[in-house]
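Below: the structure, in structure tokens.
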Amino acid sequence: MTVSPPTPLVTPPPPSGFARLWRILLPVGLGVIAVALLVGVFDSSSRPAWIFVIGAAITAVGAVSLILFLVAKSRQGIAVIETEIEEHFGGDERP
């Protein structure tokens with residue numbers, strides 16, 4: 001009976017540059033929204049609304065970046081768990 005060696009699992013690559021932008025974009029976007037709210041207290045023109053829209057757009061892009069980052073990290077975690085299961089239970093043993 002010949003047993004073939006188990007195939008090594010390929011770990012997914014680390015998160016991309018865009019997936020790491022959330023660390024910058026979320027605080028900046030929330031800061032711009034806060035500035036819009038403060039400006040809105042003193043200004044009755046449409047300027048605070050546009051500042052708020054820009055801040056909301058930056059925050060939305062940051063949220064998408066965070067979601068991509070979390071998906072990439074979860075894939076890495078699943079790959080580690082799969083590797084541990086393969087090592088613990090052996091490989092795919094077919095006659």
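Scheme for the structure tokens: letters A, B, ... for chains in order shown; per-chain residue numbers from 1; ligand numbers from 1 in order shown.
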If you count only C-alpha atoms, which residues fall within 10 Å of range 39-42 of chain A, apart from same-chain ones fewer than 6 positions away, as a PDB file with N, CA and C atoms, in the first residue's frame?
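Below is the file result.pdb, written as the result:
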```
ATOM      1  N   ILE A  33     -16.504  64.434   9.600  1.00  0.00           N
ATOM      2  CA  ILE A  33     -17.912  64.507   9.987  1.00  0.00           C
ATOM      3  C   ILE A  33     -18.077  65.373  11.235  1.00  0.00           C
ATOM      4  N   PRO A  48     -21.665  73.022   5.494  1.00  0.00           N
ATOM      5  CA  PRO A  48     -21.536  71.895   6.418  1.00  0.00           C
ATOM      6  C   PRO A  48     -22.118  70.588   5.858  1.00  0.00           C
ATOM      7  N   ALA A  49     -23.170  70.706   5.066  1.00  0.00           N
ATOM      8  CA  ALA A  49     -23.753  69.501   4.474  1.00  0.00           C
ATOM      9  C   ALA A  49     -22.779  68.840   3.501  1.00  0.00           C
ATOM     10  N   ILE A  51     -19.502  69.172   3.526  1.00  0.00           N
ATOM     11  CA  ILE A  51     -18.390  68.629   4.326  1.00  0.00           C
ATOM     12  C   ILE A  51     -18.796  67.289   4.922  1.00  0.00           C
ATOM     13  N   PHE A  52     -20.038  67.208   5.389  1.00  0.00           N
ATOM     14  CA  PHE A  52     -20.537  65.960   5.948  1.00  0.00           C
ATOM     15  C   PHE A  52     -20.574  64.852   4.896  1.00  0.00           C
TER      16      PHE A  52
END
```
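Residues in contact with range 54-70 of chain A at 6 Å, where only C-alpha atoms are counted and same-chain residues fewer than 2 positions away are skipped, are listed as Pro15, Ala19, Trp22, Leu25, Leu26, Gly29, Val32, Ile33, Ile51, Phe52, Ala72 and Lys73 of chain A.
A straight line drawn from CA of Gln76 in chain A to CA of Arg20 in chain A is 15.0 Å long.
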ask   = Rounded to one decimal in Å, what is the spacing between CA of Phe18 in chain A and CA of Val71 in chain A?
value = 12.7 Å
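Separating CA of Gly90 in chain A from CA of Ser74 in chain A is a distance of 23.6 Å.
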